[in-house]
file query.cif (mmCIF, C-alpha atoms)
data_query
loop_
_atom_site.group_PDB
_atom_site.id
_atom_site.type_symbol
_atom_site.label_atom_id
_atom_site.label_comp_id
_atom_site.auth_asym_id
_atom_site.auth_seq_id
_atom_site.Cartn_x
_atom_site.Cartn_y
_atom_site.Cartn_z
ATOM 1 C CA MET A 11 0.000 0.000 0.000
ATOM 2 C CA ARG A 12 1.394 3.384 -1.010
ATOM 3 C CA THR A 13 1.809 6.342 1.317
ATOM 4 C CA VAL A 14 1.284 9.864 0.004
ATOM 5 C CA ALA A 15 1.438 13.246 1.697
ATOM 6 C CA ALA A 16 -1.549 15.604 1.612
ATOM 7 C CA THR A 17 -0.581 18.946 0.099
ATOM 8 C CA ARG A 18 -3.958 20.675 -0.181
ATOM 9 C CA TYR A 19 -7.380 20.355 1.417
ATOM 10 C CA VAL A 20 -9.760 20.748 -1.536
ATOM 11 C CA THR A 21 -13.325 20.391 -0.273
ATOM 12 C CA PRO A 22 -15.319 18.610 2.450
ATOM 13 C CA LEU A 23 -17.825 15.898 1.573
ATOM 14 C CA ARG A 24 -20.472 16.781 4.091
ATOM 15 C CA GLU A 25 -22.788 13.909 3.222
ATOM 16 C CA GLY A 26 -20.427 11.640 5.176
ATOM 17 C CA GLY A 27 -20.909 11.448 8.930
ATOM 18 C CA SER A 28 -17.147 11.490 9.496
ATOM 19 C CA LEU A 29 -16.686 14.630 7.362
ATOM 20 C CA PRO A 30 -14.330 13.090 4.778
ATOM 21 C CA ALA A 31 -12.710 15.430 2.284
ATOM 22 C CA VAL A 32 -11.191 15.548 -1.158
ATOM 23 C CA VAL A 33 -7.479 16.278 -0.807
ATOM 24 C CA GLU A 34 -4.618 16.679 -3.244
ATOM 25 C CA ALA A 35 -1.415 14.764 -2.545
ATOM 26 C CA ASP A 36 2.251 15.011 -3.454
ATOM 27 C CA ASP A 37 1.826 12.443 -6.254
ATOM 28 C CA ASP A 38 -0.553 14.909 -7.992
ATOM 29 C CA GLY A 39 -3.437 12.555 -7.253
ATOM 30 C CA MET A 40 -6.775 13.415 -5.675
ATOM 31 C CA TYR A 41 -8.126 11.288 -2.843
ATOM 32 C CA VAL A 42 -11.199 11.073 -0.651
ATOM 33 C CA MET A 43 -9.571 11.124 2.765
ATOM 34 C CA LYS A 44 -11.002 9.910 6.056
ATOM 35 C CA PHE A 45 -9.579 11.531 9.166
ATOM 36 C CA ARG A 46 -8.288 9.653 12.171
ATOM 37 C CA GLY A 47 -9.493 12.536 14.336
ATOM 38 C CA ALA A 48 -13.127 12.240 13.180
ATOM 39 C CA GLY A 49 -15.849 10.950 15.487
ATOM 40 C CA GLN A 50 -15.481 7.300 14.476
ATOM 41 C CA GLY A 51 -11.783 7.368 15.328
ATOM 42 C CA ALA A 52 -9.077 4.984 14.190
ATOM 43 C CA LYS A 53 -11.363 1.934 14.059
ATOM 44 C CA ALA A 54 -13.101 3.341 10.978
ATOM 45 C CA LEU A 55 -9.713 3.638 9.262
ATOM 46 C CA VAL A 56 -8.783 0.084 10.265
ATOM 47 C CA ALA A 57 -12.044 -1.101 8.717
ATOM 48 C CA GLU A 58 -11.377 0.850 5.514
ATOM 49 C CA VAL A 59 -7.988 -0.793 5.045
ATOM 50 C CA ILE A 60 -8.866 -4.364 6.002
ATOM 51 C CA ALA A 61 -12.286 -4.555 4.338
ATOM 52 C CA GLY A 62 -11.134 -2.600 1.302
ATOM 53 C CA GLU A 63 -8.120 -4.776 0.654
ATOM 54 C CA LEU A 64 -10.120 -7.954 1.264
ATOM 55 C CA ALA A 65 -12.540 -6.700 -1.399
ATOM 56 C CA ARG A 66 -9.643 -6.189 -3.787
ATOM 57 C CA LEU A 67 -8.275 -9.650 -2.966
ATOM 58 C CA VAL A 68 -11.517 -11.385 -3.930
ATOM 59 C CA GLY A 69 -11.784 -9.382 -7.145
ATOM 60 C CA LEU A 70 -14.394 -6.774 -6.297
ATOM 61 C CA PRO A 71 -14.084 -3.301 -7.873
ATOM 62 C CA ILE A 72 -12.732 -0.796 -5.359
ATOM 63 C CA PRO A 73 -10.660 2.387 -5.812
ATOM 64 C CA GLU A 74 -7.006 2.302 -4.791
ATOM 65 C CA ILE A 75 -6.533 2.765 -1.055
ATOM 66 C CA VAL A 76 -3.544 4.766 0.179
ATOM 67 C CA LEU A 77 -2.211 5.950 3.496
ATOM 68 C CA VAL A 78 -2.201 9.743 3.651
ATOM 69 C CA GLU A 79 0.328 11.609 5.773
ATOM 70 C CA LEU A 80 -1.330 14.777 7.048
ATOM 71 C CA ASP A 81 0.607 17.749 8.394
ATOM 72 C CA PRO A 82 -1.512 19.593 11.007
ATOM 73 C CA GLU A 83 -0.057 22.850 9.631
ATOM 74 C CA LEU A 84 -2.511 22.540 6.715
ATOM 75 C CA ALA A 85 -5.147 23.772 9.165
ATOM 76 C CA ARG A 86 -3.668 27.258 8.986
ATOM 77 C CA THR A 87 -5.044 27.799 5.470
ATOM 78 C CA GLU A 88 -8.600 26.638 6.244
ATOM 79 C CA PRO A 89 -11.192 29.271 7.246
ATOM 80 C CA ASP A 90 -13.693 26.788 8.725
ATOM 81 C CA PRO A 91 -12.970 26.221 12.452
ATOM 82 C CA GLU A 92 -14.543 22.741 12.345
ATOM 83 C CA ILE A 93 -12.191 21.698 9.544
ATOM 84 C CA GLN A 94 -9.235 23.300 11.311
ATOM 85 C CA ASP A 95 -9.938 21.217 14.409
ATOM 86 C CA LEU A 96 -10.330 18.052 12.360
ATOM 87 C CA ILE A 97 -7.013 18.534 10.569
ATOM 88 C CA ARG A 98 -5.163 19.316 13.798
ATOM 89 C CA ALA A 99 -6.632 16.217 15.463
ATOM 90 C CA SER A 100 -5.589 14.005 12.534
ATOM 91 C CA GLY A 101 -1.869 14.658 12.195
ATOM 92 C CA GLY A 102 0.032 11.614 10.943
ATOM 93 C CA LEU A 103 -1.378 8.754 8.910
ATOM 94 C CA ASN A 104 -4.950 8.758 7.643
ATOM 95 C CA VAL A 105 -6.610 6.773 4.869
ATOM 96 C CA GLY A 106 -7.576 7.852 1.355
ATOM 97 C CA LEU A 107 -9.427 6.334 -1.593
ATOM 98 C CA ASP A 108 -8.657 7.324 -5.145
ATOM 99 C CA TYR A 109 -11.096 10.077 -6.121
ATOM 100 C CA LEU A 110 -13.360 9.023 -9.016
ATOM 101 C CA PRO A 111 -14.248 12.279 -10.814
ATOM 102 C CA GLY A 112 -17.677 12.303 -12.380
ATOM 103 C CA SER A 113 -18.894 9.227 -10.499
ATOM 104 C CA ILE A 114 -22.516 9.082 -9.373
ATOM 105 C CA ASN A 115 -24.273 7.254 -6.558
ATOM 106 C CA PHE A 116 -25.649 3.837 -7.457
ATOM 107 C CA ASP A 117 -29.433 3.913 -7.787
ATOM 108 C CA PRO A 118 -30.987 0.440 -7.409
ATOM 109 C CA LEU A 119 -34.108 1.627 -9.244
ATOM 110 C CA VAL A 120 -32.102 2.615 -12.320
ATOM 111 C CA GLU A 121 -28.928 0.530 -12.446
ATOM 112 C CA HIS A 122 -28.993 -3.216 -12.967
ATOM 113 C CA SER A 123 -26.088 -5.198 -11.533
ATOM 114 C CA ASP A 124 -24.997 -8.626 -12.708
ATOM 115 C CA ALA A 125 -26.372 -11.411 -10.478
ATOM 116 C CA LEU A 126 -22.952 -12.891 -9.725
ATOM 117 C CA LEU A 127 -21.482 -9.472 -8.898
ATOM 118 C CA ALA A 128 -24.455 -8.657 -6.663
ATOM 119 C CA SER A 129 -24.129 -12.035 -4.949
ATOM 120 C CA SER A 130 -20.394 -11.522 -4.492
ATOM 121 C CA ILE A 131 -20.906 -8.122 -2.859
ATOM 122 C CA VAL A 132 -23.589 -9.521 -0.562
ATOM 123 C CA TRP A 133 -21.247 -12.401 0.404
ATOM 124 C CA PHE A 134 -18.358 -10.016 1.002
ATOM 125 C CA ASP A 135 -20.407 -7.644 3.169
ATOM 126 C CA ALA A 136 -21.635 -10.564 5.269
ATOM 127 C CA PHE A 137 -18.069 -11.858 5.609
ATOM 128 C CA THR A 138 -16.763 -8.468 6.742
ATOM 129 C CA SER A 139 -19.841 -7.634 8.855
ATOM 130 C CA ASN A 140 -20.587 -4.464 6.910
ATOM 131 C CA VAL A 141 -23.853 -2.955 8.152
ATOM 132 C CA ASP A 142 -23.799 -0.009 5.752
ATOM 133 C CA ARG A 143 -24.812 -1.063 2.244
ATOM 134 C CA THR A 144 -28.534 -0.431 2.336
ATOM 135 C CA ALA A 145 -30.954 1.257 -0.049
ATOM 136 C CA ARG A 146 -30.758 4.304 2.218
ATOM 137 C CA ASN A 147 -26.977 4.476 1.904
ATOM 138 C CA THR A 148 -25.611 2.168 -0.788
ATOM 139 C CA ASN A 149 -21.925 3.131 -0.579
ATOM 140 C CA LEU A 150 -21.695 2.161 -4.235
ATOM 141 C CA LEU A 151 -20.632 4.431 -7.077
ATOM 142 C CA MET A 152 -21.084 4.149 -10.832
ATOM 143 C CA TRP A 153 -17.955 5.270 -12.655
ATOM 144 C CA HIS A 154 -17.394 4.692 -16.373
ATOM 145 C CA ARG A 155 -20.547 2.539 -16.249
ATOM 146 C CA LYS A 156 -18.994 0.158 -13.705
ATOM 147 C CA LEU A 157 -19.927 -0.402 -10.086
ATOM 148 C CA HIS A 158 -17.342 0.529 -7.433
ATOM 149 C CA LEU A 159 -17.448 -0.198 -3.707
ATOM 150 C CA ILE A 160 -16.602 2.637 -1.310
ATOM 151 C CA ASP A 161 -16.761 3.535 2.384
ATOM 152 C CA HIS A 162 -16.146 0.497 4.577
ATOM 153 C CA GLY A 163 -15.747 2.393 7.834
ATOM 154 C CA ALA A 164 -18.839 0.676 9.253
ATOM 155 C CA ALA A 165 -17.564 -2.828 8.462
ATOM 156 C CA LEU A 166 -15.832 -5.027 11.058
ATOM 157 C CA TYR A 167 -18.403 -4.014 13.657
ATOM 158 C CA PHE A 168 -17.104 -6.825 15.905
ATOM 159 C CA HIS A 169 -14.021 -4.739 16.738
ATOM 160 C CA HIS A 170 -16.184 -2.411 18.808
ATOM 161 C CA ASP A 171 -16.726 -5.308 21.238
ATOM 162 C CA TRP A 172 -13.661 -7.524 21.360
ATOM 163 C CA PRO A 173 -14.956 -9.739 24.198
ATOM 164 C CA GLY A 174 -17.784 -10.774 21.866
ATOM 165 C CA ALA A 175 -15.625 -11.234 18.757
ATOM 166 C CA ALA A 176 -15.559 -15.031 18.935
ATOM 167 C CA HIS A 177 -19.365 -15.100 18.924
ATOM 168 C CA ALA A 178 -19.404 -12.576 16.055
ATOM 169 C CA ALA A 179 -17.160 -14.824 13.944
ATOM 170 C CA ALA A 180 -19.905 -17.444 13.858
ATOM 171 C CA SER A 181 -22.718 -14.924 13.481
ATOM 172 C CA PRO A 182 -25.254 -15.428 10.661
ATOM 173 C CA PHE A 183 -25.259 -11.635 10.193
ATOM 174 C CA THR A 184 -28.963 -10.902 10.088
ATOM 175 C CA HIS A 185 -28.279 -7.343 8.871
ATOM 176 C CA ILE A 186 -27.853 -8.849 5.407
ATOM 177 C CA ALA A 187 -31.648 -8.742 4.995
ATOM 178 C CA GLN A 188 -31.309 -4.954 4.513
ATOM 179 C CA HIS A 189 -28.614 -5.180 1.814
ATOM 180 C CA VAL A 190 -29.389 -3.093 -1.253
ATOM 181 C CA LEU A 191 -28.242 -5.820 -3.661
ATOM 182 C CA LEU A 192 -29.891 -8.780 -1.934
ATOM 183 C CA PRO A 193 -32.842 -8.861 -4.400
ATOM 184 C CA ARG A 194 -30.351 -9.491 -7.225
ATOM 185 C CA ALA A 195 -28.159 -11.941 -5.314
ATOM 186 C CA SER A 196 -29.453 -15.127 -6.926
ATOM 187 C CA ARG A 197 -26.026 -16.803 -7.215
ATOM 188 C CA LEU A 198 -24.916 -16.809 -3.597
ATOM 189 C CA ARG A 199 -23.647 -20.382 -3.483
ATOM 190 C CA GLU A 200 -21.579 -19.787 -6.604
ATOM 191 C CA ALA A 201 -20.196 -16.568 -5.140
ATOM 192 C CA ASP A 202 -19.346 -18.403 -1.908
ATOM 193 C CA ALA A 203 -17.361 -21.051 -3.751
ATOM 194 C CA ILE A 204 -15.482 -18.511 -5.885
ATOM 195 C CA LEU A 205 -14.668 -15.868 -3.282
ATOM 196 C CA SER A 206 -13.792 -18.158 -0.386
ATOM 197 C CA ALA A 207 -11.267 -19.949 -2.614
ATOM 198 C CA ARG A 208 -9.481 -16.643 -3.210
ATOM 199 C CA ILE A 209 -8.719 -16.010 0.474
ATOM 200 C CA ALA A 210 -5.708 -17.779 1.956
ATOM 201 C CA ASP A 211 -4.539 -17.553 5.551
ATOM 202 C CA ASP A 212 -1.402 -15.740 4.411
ATOM 203 C CA ASP A 213 -3.517 -13.192 2.543
ATOM 204 C CA ILE A 214 -5.430 -12.283 5.695
ATOM 205 C CA ALA A 215 -2.228 -11.807 7.679
ATOM 206 C CA ARG A 216 -0.705 -9.723 4.864
ATOM 207 C CA ILE A 217 -3.717 -7.408 4.701
ATOM 208 C CA VAL A 218 -3.972 -6.939 8.465
ATOM 209 C CA ALA A 219 -0.249 -6.118 8.503
ATOM 210 C CA LEU A 220 -1.006 -3.049 6.347
ATOM 211 C CA VAL A 221 -2.729 -1.341 9.286
ATOM 212 C CA PRO A 222 -0.371 1.193 10.915
ATOM 213 C CA ASP A 223 0.634 0.439 14.492
ATOM 214 C CA ALA A 224 -0.614 3.848 15.629
ATOM 215 C CA TRP A 225 -4.202 2.897 14.744
ATOM 216 C CA LEU A 226 -4.037 -0.217 16.920
ATOM 217 C CA ALA A 227 -2.253 1.169 19.967
ATOM 218 C CA GLY A 228 -4.059 1.665 23.242
ATOM 219 C CA GLU A 229 -6.816 -0.938 22.834
ATOM 220 C CA PRO A 230 -7.531 -2.069 26.422
ATOM 221 C CA ALA A 231 -8.515 -5.601 25.357
ATOM 222 C CA PHE A 232 -4.941 -6.405 24.298
ATOM 223 C CA ALA A 233 -1.504 -6.351 25.878
ATOM 224 C CA ASP A 234 0.143 -4.814 22.828
ATOM 225 C CA VAL A 235 -0.277 -3.947 19.159
ATOM 226 C CA GLU A 236 0.777 -7.373 17.921
ATOM 227 C CA ALA A 237 -1.845 -9.103 20.053
ATOM 228 C CA HIS A 238 -4.429 -6.667 18.691
ATOM 229 C CA ARG A 239 -3.323 -7.331 15.120
ATOM 230 C CA ARG A 240 -3.370 -11.093 15.688
ATOM 231 C CA ALA A 241 -6.976 -10.882 16.902
ATOM 232 C CA TYR A 242 -8.099 -9.521 13.525
ATOM 233 C CA VAL A 243 -6.298 -12.339 11.709
ATOM 234 C CA GLU A 244 -7.821 -14.988 13.973
ATOM 235 C CA HIS A 245 -11.295 -13.498 13.580
ATOM 236 C CA PHE A 246 -11.200 -13.723 9.800
ATOM 237 C CA HIS A 247 -9.748 -17.222 9.876
ATOM 238 C CA ALA A 248 -12.698 -18.255 12.055
ATOM 239 C CA ARG A 249 -15.175 -16.276 9.932
ATOM 240 C CA LEU A 250 -14.021 -18.066 6.798
ATOM 241 C CA ARG A 251 -14.221 -21.506 8.438
ATOM 242 C CA GLN A 252 -17.716 -20.810 9.745
ATOM 243 C CA ARG A 253 -19.020 -18.958 6.720
ATOM 244 C CA GLY A 254 -21.896 -21.413 6.311
ATOM 245 C CA ALA A 255 -23.771 -19.453 8.962
ATOM 246 C CA PHE A 256 -23.820 -16.185 7.036
ATOM 247 C CA VAL A 257 -24.239 -17.833 3.631
ATOM 248 C CA GLU A 258 -27.325 -19.716 4.793
ATOM 249 C CA GLU A 259 -28.713 -16.552 6.392
ATOM 250 C CA ALA A 260 -28.240 -14.633 3.136
ATOM 251 C CA LEU A 261 -29.951 -17.435 1.202
ATOM 252 C CA ARG A 262 -32.832 -17.443 3.694
ATOM 253 C CA ALA A 263 -33.203 -13.639 3.487
ATOM 254 C CA HIS A 264 -33.112 -13.728 -0.333
ATOM 255 C CA GLY A 265 -35.748 -16.451 -0.373
ATOM 256 C CA HIS A 266 -38.088 -14.322 1.716
ATOM 257 C CA LEU A 267 -38.053 -11.347 -0.670
#

call {"tool": "encode", "arguments": {"input": "query.cif", "output": "structure tokens"}}
result
Amino acid sequence: MRTVAATRYVTPLREGGSLPAVVEADDDGMYVMKFRGAGQGAKALVAEVIAGELARLVGLPIPEIVLVELDPELARTEPDPEIQDLIRASGGLNVGLDYLPGSINFDPLVEHSDALLASSIVWFDAFTSNVDRTARNTNLLMWHRKLHLIDHGAALYFHHDWPGAAHAAASPFTHIAQHVLLPRASRLREADAILSARIADDDIARIVALVPDAWLAGEPAFADVEAHRRAYVEHFHARLRQRGAFVEEALRAHGHL
């Protein structure tokens, strides 16, 4: 995963609860950046990296994810006090997604997704415990007539309650009944066979290793950062082994539509 340095705060994206922003970086690229100092804190950034790179691993369309080094001095050029505070609270590494200019929000009433792609996204969101891909907030963009997944800060909800993580690994994930693409997910068993075969134990460890130490430090449930990191790896190993629970739940929910 590349690291870039933010050189200019371009504009806030106020439709996001965490007040993400479009920023320019020292590679001349534009990124949608999420701030470590926002209300959701570092856990949202951890979820962006792990869920986003798992999506890429299984072949789902997602913009490039980068780490963004933010100098708090950028706050000096911003007139909005709220943005100034956010920048100052987010010095160091943050996360950014490649900005897709001209993209539009996915509209399930207008756009028609392929059944295998829809099933794959439903499977992936159940695997990563993503509660935020509903008709109300799809977190899907259409860009060059192709679907792209964005905004995984609400995934990995188990890491908000580490004592219950073992139970969460075997969870059927009933939230899947609200998934925006569930009506089109008619190839769930096929998606399960394809996507699960693309995830190796080493891949999970490699992706979790991308998370900066600073985002994992200070978690009271663990003695140190490495124990914290290992817990994510073990959760996804268990989730993959016990995936029958969430696959069957998704099939049941689809059958009831």

call {"tool": "resolve_selection", "arguments": {"input": "query.cif", "expression": "the PyMOL selection byres ((chain A and resi 65) around 10)", "output": "count of residues only"}}
result
20

call {"tool": "atom_distance", "arguments": {"input": "query.cif", "atom1": "CA of Phe116 (chain A)", "atom2": "CA of Leu151 (chain A)"}}
result
5.1 Å

call {"tool": "atom_distance", "arguments": {"input": "query.cif", "atom1": "CA of Ala175 (chain A)", "atom2": "CA of Ala187 (chain A)"}}
result
21.3 Å

call {"tool": "resolve_selection", "arguments": {"input": "query.cif", "expression": "the PyMOL selection byres ((chain A and resi 40) around 10)", "output": "ChimeraX atom specification"}}
result
/A:16,18-20,32-39,41-43,106-111

call {"tool": "write_last_selection", "arguments": {"input": "query.cif", "atoms": "C-alpha atoms", "output": "tab-separated table (two decimals), in the frame of the given file"}}
result
chain	number	residue	atom	x	y	z
A	16	ALA	CA	-1.55	15.60	1.61
A	18	ARG	CA	-3.96	20.68	-0.18
A	19	TYR	CA	-7.38	20.36	1.42
A	20	VAL	CA	-9.76	20.75	-1.54
A	32	VAL	CA	-11.19	15.55	-1.16
A	33	VAL	CA	-7.48	16.28	-0.81
A	34	GLU	CA	-4.62	16.68	-3.24
A	35	ALA	CA	-1.42	14.76	-2.54
A	36	ASP	CA	2.25	15.01	-3.45
A	37	ASP	CA	1.83	12.44	-6.25
A	38	ASP	CA	-0.55	14.91	-7.99
A	39	GLY	CA	-3.44	12.56	-7.25
A	41	TYR	CA	-8.13	11.29	-2.84
A	42	VAL	CA	-11.20	11.07	-0.65
A	43	MET	CA	-9.57	11.12	2.76
A	106	GLY	CA	-7.58	7.85	1.36
A	107	LEU	CA	-9.43	6.33	-1.59
A	108	ASP	CA	-8.66	7.32	-5.14
A	109	TYR	CA	-11.10	10.08	-6.12
A	110	LEU	CA	-13.36	9.02	-9.02
A	111	PRO	CA	-14.25	12.28	-10.81

call {"tool": "residues_around", "arguments": {"input": "query.cif", "residues": "Val218 (chain A)", "least_positions_apart": "6", "cutoff": "9 Å", "atoms": "all atoms listed in the file", "output": "list of chain:residue names"}}
result
A:Val56, A:Val59, A:Ile60, A:Arg239, A:Arg240, A:Tyr242, A:Val243

call {"tool": "residues_around", "arguments": {"input": "query.cif", "residues": "Asp81 (chain A)", "least_positions_apart": "6", "cutoff": "8 Å", "atoms": "only C-alpha atoms", "output": "list in words"}}
result
Ala16, Ile97, Gly101 and Gly102 of chain A

call {"tool": "resolve_selection", "arguments": {"input": "query.cif", "expression": "the PyMOL selection byres ((chain A and resi 47) around 10)", "output": "list in words"}}
result
Ser28, Lys44, Phe45, Arg46, Ala48, Gly49, Gln50, Gly51, Ala52, Asp95, Leu96, Ile97, Arg98, Ala99, Ser100, Gly101 and Asn104 of chain A

call {"tool": "closest_residue", "arguments": {"input": "query.cif", "among": "A:Ile204, A:Ala57, A:Ala260, A:Ala210", "to": "Phe168 (chain A)", "atoms": "only C-alpha atoms"}}
result
A:Ala57

call {"tool": "atom_distance", "arguments": {"input": "query.cif", "atom1": "CA of Asp117 (chain A)", "atom2": "CA of Asn147 (chain A)"}}
result
10.0 Å

call {"tool": "axis_aligned_box", "arguments": {"input": "query.cif", "around": "region 244-254 of chain A", "padding_each_side": "6 Å", "output": "JSON"}}
result
{"center_x": -14.9, "center_y": -17.5, "center_z": 10.1, "size_x": 26.1, "size_y": 20.0, "size_z": 19.7}

call {"tool": "residues_around", "arguments": {"input": "query.cif", "residues": "Arg155 (chain A)", "least_positions_apart": "4", "cutoff": "10 Å", "atoms": "only C-alpha atoms", "output": "ChimeraX atom specification"}}
result
/A:113-114,121,151

call {"tool": "build_atoms", "arguments": {"input": "query.cif", "residues": "region 239-265 of chain A", "atoms": "N, CA and C atoms", "output": "mmCIF file, in the coordinates of the input"}}
result
data_model
loop_
_atom_site.group_PDB
_atom_site.id
_atom_site.type_symbol
_atom_site.label_atom_id
_atom_site.label_comp_id
_atom_site.auth_asym_id
_atom_site.auth_seq_id
_atom_site.Cartn_x
_atom_site.Cartn_y
_atom_site.Cartn_z
ATOM 1 N N ARG A 239 -3.372 -6.984 16.542
ATOM 2 C CA ARG A 239 -3.323 -7.331 15.120
ATOM 3 C C ARG A 239 -3.669 -8.816 14.920
ATOM 4 N N ARG A 240 -3.131 -9.647 15.796
ATOM 5 C CA ARG A 240 -3.370 -11.093 15.688
ATOM 6 C C ARG A 240 -4.854 -11.419 15.866
ATOM 7 N N ALA A 241 -5.554 -10.638 16.680
ATOM 8 C CA ALA A 241 -6.976 -10.882 16.902
ATOM 9 C C ALA A 241 -7.789 -10.689 15.617
ATOM 10 N N TYR A 242 -7.420 -9.706 14.811
ATOM 11 C CA TYR A 242 -8.099 -9.521 13.525
ATOM 12 C C TYR A 242 -7.871 -10.730 12.620
ATOM 13 N N VAL A 243 -6.627 -11.190 12.561
ATOM 14 C CA VAL A 243 -6.298 -12.339 11.709
ATOM 15 C C VAL A 243 -7.097 -13.561 12.157
ATOM 16 N N GLU A 244 -7.107 -13.819 13.454
ATOM 17 C CA GLU A 244 -7.821 -14.988 13.973
ATOM 18 C C GLU A 244 -9.318 -14.884 13.735
ATOM 19 N N HIS A 245 -9.857 -13.668 13.842
ATOM 20 C CA HIS A 245 -11.295 -13.498 13.580
ATOM 21 C C HIS A 245 -11.634 -13.898 12.150
ATOM 22 N N PHE A 246 -10.862 -13.431 11.191
ATOM 23 C CA PHE A 246 -11.200 -13.723 9.800
ATOM 24 C C PHE A 246 -10.903 -15.171 9.424
ATOM 25 N N HIS A 247 -9.924 -15.783 10.071
ATOM 26 C CA HIS A 247 -9.748 -17.222 9.876
ATOM 27 C C HIS A 247 -11.009 -17.953 10.331
ATOM 28 N N ALA A 248 -11.499 -17.610 11.525
ATOM 29 C CA ALA A 248 -12.698 -18.255 12.055
ATOM 30 C C ALA A 248 -13.926 -17.924 11.208
ATOM 31 N N ARG A 249 -14.027 -16.696 10.751
ATOM 32 C CA ARG A 249 -15.175 -16.276 9.932
ATOM 33 C C ARG A 249 -15.234 -17.080 8.642
ATOM 34 N N LEU A 250 -14.071 -17.308 8.049
ATOM 35 C CA LEU A 250 -14.021 -18.066 6.798
ATOM 36 C C LEU A 250 -14.401 -19.524 7.039
ATOM 37 N N ARG A 251 -13.910 -20.109 8.132
ATOM 38 C CA ARG A 251 -14.221 -21.506 8.438
ATOM 39 C C ARG A 251 -15.712 -21.697 8.715
ATOM 40 N N GLN A 252 -16.324 -20.696 9.320
ATOM 41 C CA GLN A 252 -17.716 -20.810 9.745
ATOM 42 C C GLN A 252 -18.670 -20.028 8.836
ATOM 43 N N ARG A 253 -18.258 -19.826 7.615
ATOM 44 C CA ARG A 253 -19.020 -18.958 6.720
ATOM 45 C C ARG A 253 -20.386 -19.538 6.376
ATOM 46 N N GLY A 254 -20.588 -20.821 6.586
ATOM 47 C CA GLY A 254 -21.896 -21.413 6.311
ATOM 48 C C GLY A 254 -23.023 -20.692 7.025
ATOM 49 N N ALA A 255 -22.726 -20.148 8.198
ATOM 50 C CA ALA A 255 -23.771 -19.453 8.962
ATOM 51 C C ALA A 255 -24.275 -18.228 8.225
ATOM 52 N N PHE A 256 -23.349 -17.405 7.709
ATOM 53 C CA PHE A 256 -23.820 -16.185 7.036
ATOM 54 C C PHE A 256 -24.288 -16.461 5.614
ATOM 55 N N VAL A 257 -23.754 -17.489 4.979
ATOM 56 C CA VAL A 257 -24.239 -17.833 3.631
ATOM 57 C C VAL A 257 -25.686 -18.321 3.708
ATOM 58 N N GLU A 258 -25.958 -19.200 4.655
ATOM 59 C CA GLU A 258 -27.325 -19.716 4.793
ATOM 60 C C GLU A 258 -28.302 -18.606 5.184
ATOM 61 N N GLU A 259 -27.847 -17.673 6.019
ATOM 62 C CA GLU A 259 -28.713 -16.552 6.392
ATOM 63 C C GLU A 259 -29.024 -15.676 5.180
ATOM 64 N N ALA A 260 -28.014 -15.436 4.340
ATOM 65 C CA ALA A 260 -28.240 -14.633 3.136
ATOM 66 C C ALA A 260 -29.198 -15.348 2.182
ATOM 67 N N LEU A 261 -29.046 -16.658 2.042
ATOM 68 C CA LEU A 261 -29.951 -17.435 1.202
ATOM 69 C C LEU A 261 -31.377 -17.386 1.750
ATOM 70 N N ARG A 262 -31.506 -17.494 3.063
ATOM 71 C CA ARG A 262 -32.832 -17.443 3.694
ATOM 72 C C ARG A 262 -33.473 -16.076 3.454
ATOM 73 N N ALA A 263 -32.678 -14.996 3.665
ATOM 74 C CA ALA A 263 -33.203 -13.639 3.487
ATOM 75 C C ALA A 263 -33.600 -13.407 2.028
ATOM 76 N N HIS A 264 -32.787 -13.891 1.106
ATOM 77 C CA HIS A 264 -33.112 -13.728 -0.333
ATOM 78 C C HIS A 264 -34.390 -14.476 -0.674
ATOM 79 N N GLY A 265 -34.559 -15.657 -0.099
ATOM 80 C CA GLY A 265 -35.748 -16.451 -0.373
ATOM 81 C C GLY A 265 -37.031 -15.847 0.143
#
